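Peer 1: Sharing my_file-v2.txt (compact mmCIF, C-alpha atoms) below.
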# COMPACT_ATOMS: atom_id res chain seq x y z
CA MET I 3 97.91 86.22 109.19
CA ARG I 4 101.41 86.20 107.79
CA ARG I 5 102.70 88.46 105.03
CA ARG I 6 105.70 87.92 102.82
CA GLU I 7 108.53 90.31 103.61
CA ALA I 8 109.13 92.94 100.93
CA ALA I 9 112.26 92.42 98.85
CA HIS I 10 114.85 95.17 98.48
CA GLY I 11 113.33 98.07 96.56
CA GLU I 12 109.79 96.68 96.80
CA GLU I 13 106.92 98.32 98.62
CA PRO I 14 105.22 96.05 101.16
CA VAL I 15 101.81 94.81 100.05
CA ASN I 16 98.88 95.74 102.26
CA ALA I 17 95.39 94.39 101.82
CA PRO I 18 92.25 95.60 103.58
CA GLU I 19 91.31 93.73 106.73
CA TYR I 20 88.16 92.26 105.16
CA VAL I 21 90.44 90.55 102.60
CA THR I 22 93.01 89.28 105.10
CA GLN I 23 90.19 87.83 107.23
CA MET I 24 89.48 85.45 104.33
CA PHE I 25 92.95 83.91 104.54
CA ALA I 26 93.25 80.27 105.52
CA ARG I 27 95.78 79.19 108.10
CA GLY I 28 99.26 79.56 106.62
CA GLU I 29 98.07 81.56 103.59
CA THR I 30 100.28 84.57 102.90
CA LEU I 31 99.80 87.71 100.86
CA GLU I 32 102.39 87.89 98.08
CA GLU I 33 101.48 90.72 95.70
CA GLY I 34 98.82 93.26 94.91
CA PHE I 35 97.85 94.52 91.45
CA ARG I 36 95.80 97.63 90.67
CA MET I 37 93.70 96.99 87.58
CA THR I 38 91.01 99.00 85.82
CA GLY I 39 88.00 98.92 88.15
CA CYS I 40 89.41 96.48 90.69
CA VAL I 41 92.37 95.38 92.80
CA VAL I 42 93.74 91.83 92.66
CA TYR I 43 95.65 90.33 95.58
CA ALA I 44 97.80 87.27 94.99
CA THR I 45 98.23 84.98 97.96
CA SER I 46 100.18 81.78 98.26
CA THR I 47 97.13 79.74 97.17
CA ARG I 48 94.78 81.98 95.18
CA LEU I 49 93.88 85.29 93.56
CA ILE I 50 91.41 87.56 95.33
CA ARG I 51 89.65 90.21 93.23
CA VAL I 52 88.13 93.19 95.03
CA ARG I 53 85.71 95.30 93.00
CA GLY I 54 83.96 97.77 95.29
CA LYS I 55 82.33 95.60 97.96
CA ASP I 56 82.39 92.47 95.75
CA VAL I 57 85.19 90.06 96.71
CA THR I 58 85.80 86.98 94.56
CA SER I 59 88.38 84.25 95.07
CA TYR I 60 90.06 82.18 92.33
CA ASP I 61 92.21 79.23 93.44
CA TYR I 62 95.35 78.52 91.42
CA PRO I 63 94.57 74.78 91.01
CA GLY I 64 91.15 75.69 89.57
CA SER I 65 92.65 77.88 86.85
CA ALA I 66 92.13 76.24 83.47
CA GLY I 67 93.69 78.71 81.05
CA VAL I 68 94.82 82.24 80.36
CA ARG I 69 93.98 84.35 77.33
CA GLU I 70 95.44 87.74 76.51
CA SER I 71 93.80 90.17 74.15
CA THR I 72 94.15 93.78 73.09
CA ARG I 73 91.30 96.21 72.55
CA TYR I 74 91.46 99.31 70.42
CA ASN I 75 89.78 102.46 71.65
CA VAL I 76 86.86 102.31 69.22
CA TRP I 77 85.26 105.57 70.35
CA PHE I 78 88.35 107.57 69.42
CA ILE I 79 88.44 105.91 66.00
CA LEU I 80 84.73 106.54 65.35
CA CYS I 81 84.93 110.18 66.48
CA GLY I 82 87.99 110.66 64.29
CA ALA I 83 86.12 109.26 61.29
CA ALA I 84 83.21 111.61 62.02
CA PHE I 85 85.57 114.61 62.14
CA ILE I 86 87.12 113.58 58.82
CA ALA I 87 83.63 113.22 57.33
CA MET I 88 82.91 116.82 58.36
CA SER I 89 86.14 118.06 56.74
CA GLY I 90 84.21 120.22 54.28
CA PHE I 91 83.15 122.56 57.07
CA ASN I 92 86.56 123.48 58.47
CA SER I 93 90.21 122.66 57.78
CA VAL I 94 90.77 121.77 61.45
CA PHE I 95 88.38 118.80 61.31
CA PRO I 96 90.56 116.45 59.21
CA VAL I 97 93.62 117.10 61.38
CA THR I 98 91.61 116.53 64.56
CA GLY I 99 90.03 113.42 63.04
CA ALA I 100 93.39 111.96 62.07
CA ALA I 101 94.76 112.65 65.55
CA LEU I 102 91.79 110.90 67.16
CA ILE I 103 92.17 107.86 64.90
CA ILE I 104 95.89 107.63 65.72
CA LEU I 105 95.09 107.87 69.44
CA GLY I 106 92.44 105.17 69.07
CA VAL I 107 94.88 102.82 67.39
CA PHE I 108 97.84 103.41 69.70
CA MET I 109 96.00 103.74 73.02
CA LYS I 110 95.13 100.06 73.29
CA SER I 111 94.05 98.40 76.50
CA ARG I 112 95.20 94.92 77.39
CA VAL I 113 92.82 92.35 78.78
CA LEU I 114 93.76 89.15 80.62
CA GLU I 115 91.09 86.45 80.98
CA ILE I 116 91.69 83.62 83.41
CA SER I 117 89.25 80.77 82.93
CA SER I 118 88.45 78.67 85.94
CA ALA I 119 86.99 75.22 86.47
CA THR I 120 85.22 76.48 89.60
CA HIS I 121 83.62 79.64 88.13
CA ALA I 122 81.21 79.93 85.21
CA GLU I 123 82.62 83.30 84.08
CA PRO I 124 86.34 83.88 83.54
CA LEU I 125 88.21 86.40 85.66
CA ARG I 126 88.52 89.35 83.25
CA LEU I 127 91.18 91.90 84.14
CA GLU I 128 91.99 95.05 82.21
CA GLY I 129 94.97 97.18 83.07
CA ASP I 130 98.37 98.50 82.16
CA SER I 131 101.03 96.24 80.66
CA GLN I 132 103.29 96.31 83.70
CA ALA I 133 100.60 95.04 86.10
CA LEU I 134 99.28 92.43 83.65
CA ASN I 135 102.77 91.14 82.85
CA ALA I 136 103.59 90.81 86.56
CA LEU I 137 100.32 88.95 87.18
CA LEU I 138 100.92 86.68 84.20
CA LEU I 139 104.42 85.83 85.47
CA LEU I 140 103.01 85.04 88.90
CA LEU I 141 100.38 82.74 87.36
CA LYS I 142 103.02 80.94 85.28
CA ARG I 143 105.14 80.54 88.41
CA LYS I 144 102.22 79.07 90.38
CA ARG I 145 100.89 76.97 87.50
CA PRO I 146 103.62 76.15 84.92
CA ASP I 147 101.17 73.84 83.11
CA LEU I 148 98.65 76.65 82.55
CA SER I 149 97.65 76.94 78.90
CA GLY I 150 97.48 80.23 77.10
Could you rewrite the structure in this file as structure tokens?
Peer 2:
Amino acid sequence: MRRREAAHGEEPVNAPEYVTQMFARGETLEEGFRMTGCVVYATSTRLIRVRGKDVTSYDYPGSAGVRESTRYNVWFILCGAAFIAMSGFNSVFPVTGAALIILGVFMKSRVLEISSATHAEPLRLEGDSQALNALLLLLKRKRPDLSG
């Protein structure tokens, strides 16, 4: 198993042994991304998603498209509306409700869906903007023809 050397200022990427045992001859680990509920490792030939004990592999050539979306935090918005509806009971409720609605609108989560010709379901990754942007750049570098 070979690993890419870390560039200046970068932390070396380490994957669990059960992931590195999956590597083909000559396959190298390039980057790791911590997402919501899973970790994604990018190798020279594929993405490997680890969610608990479930390990799934997505080859770069099999990637058909990428779709980005943003989700609002609906529960904050609904709770805020409920607090505003109860504004007749206490003067704190409308302020709290407005704060919850603002949080619900501004605390968005980004979702990246990578559709694959080899998998029925797309690889759905939710995480912070920095990790998703880095993963998207890596995908565009590996597959410049990728739509989305």
Peer 1: Pick out the closest residue to Ser71 of chain I from this set: I:Met88, I:Ala26, I:Ala17, I:Val113. Count all atoms listed in the file.
Peer 2: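 Ranking I:Met88, I:Ala26, I:Ala17, I:Val113 by distance to Ser71 of chain I, first place goes to I:Val113.
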Peer 1: Which one is closest to Pro124 of chain I: I:Tyr43, I:Phe78, I:Tyr20, I:Tyr60? Count all atoms listed in the file.
Peer 2: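 Closest to Pro124 of chain I of all the choices is I:Tyr60.
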Peer 1: Select, from I:Phe95, I:Val57, I:Met24, I:Ile103, the residue with the minimum atom-to-atom distance to Asn75 of chain I, counting all atoms listed in the file.
Peer 2: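 Ranking I:Phe95, I:Val57, I:Met24, I:Ile103 by distance to Asn75 of chain I, first place goes to I:Ile103.
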Peer 1: Quick one: residues within 12 Å of segment 132-146 of chain I, all atoms listed in the file, excluding same-chain residues fewer than 5 positions away - as a PyMOL selection string?
Peer 2: chain I and resi 32-38+41-49+60-72+111-116+126-127
Peer 1: Just the residues within 10 Å of Tyr74 of chain I, please, counting only C-alpha atoms, with nothing from its chain fewer than 5 positions along; format it as a list in words.
Peer 2: Ile79, Leu105, Gly106, Val107, Phe108, Met109, Lys110, Ser111 and Arg112 of chain I
Peer 1: Go ahead and compute the interatomic distance for atom CA of Ser59 of chain I and atom CA of Pro18 of chain I, in Å to one decimal.
Peer 2: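 Pair atom CA of Ser59 of chain I / atom CA of Pro18 of chain I returns 14.7 Å.
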Peer 1: In Å, rounded to a single decimal, give me how far atom CA of Arg53 of chain I is from atom CA of Leu148 of chain I.
Peer 2: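 Computing the Euclidean distance for atom CA of Leu148 of chain I and atom CA of Arg53 of chain I yields 25.0 Å.
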Peer 1: Just to confirm, what's the straight-line distance from atom CA of Ser117 of chain I to atom CA of Thr22 of chain I in Å (one decimal)?
Peer 2: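 About the pair atom CA of Ser117 of chain I and atom CA of Thr22 of chain I: they are 24.0 Å apart.
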Peer 1: Choose the residue, out of I:His121, I:Thr30, I:Ile50, I:Ala100, that has the smallest atom-to-atom separation from Ala87 of chain I; count all atoms listed in the file.
Peer 2: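 Once distances to Ala87 of chain I are computed over all atoms listed in the file, the minimum belongs to I:Ala100.
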Peer 1: From the options I:Trp77, I:Pro96, I:Ala101, I:Cys40, which residue's atoms come nearest to Leu125 of chain I, counting all atoms listed in the file?
Peer 2: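 Among the listed residues, I:Cys40 lies closest to Leu125 of chain I.
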Peer 1: Report the centre and edge lengths, in Å to one decimal, of an axis-aligned box enclosing every atom of segment 76-90 of chain I listed in the file, padded by 4 Å on each side, as lines of an AutoDock Vina configuration file.
Peer 2:
center_x = 85.7
center_y = 111.3
center_z = 62.3
size_x = 13.5
size_y = 25.9
size_z = 24.1
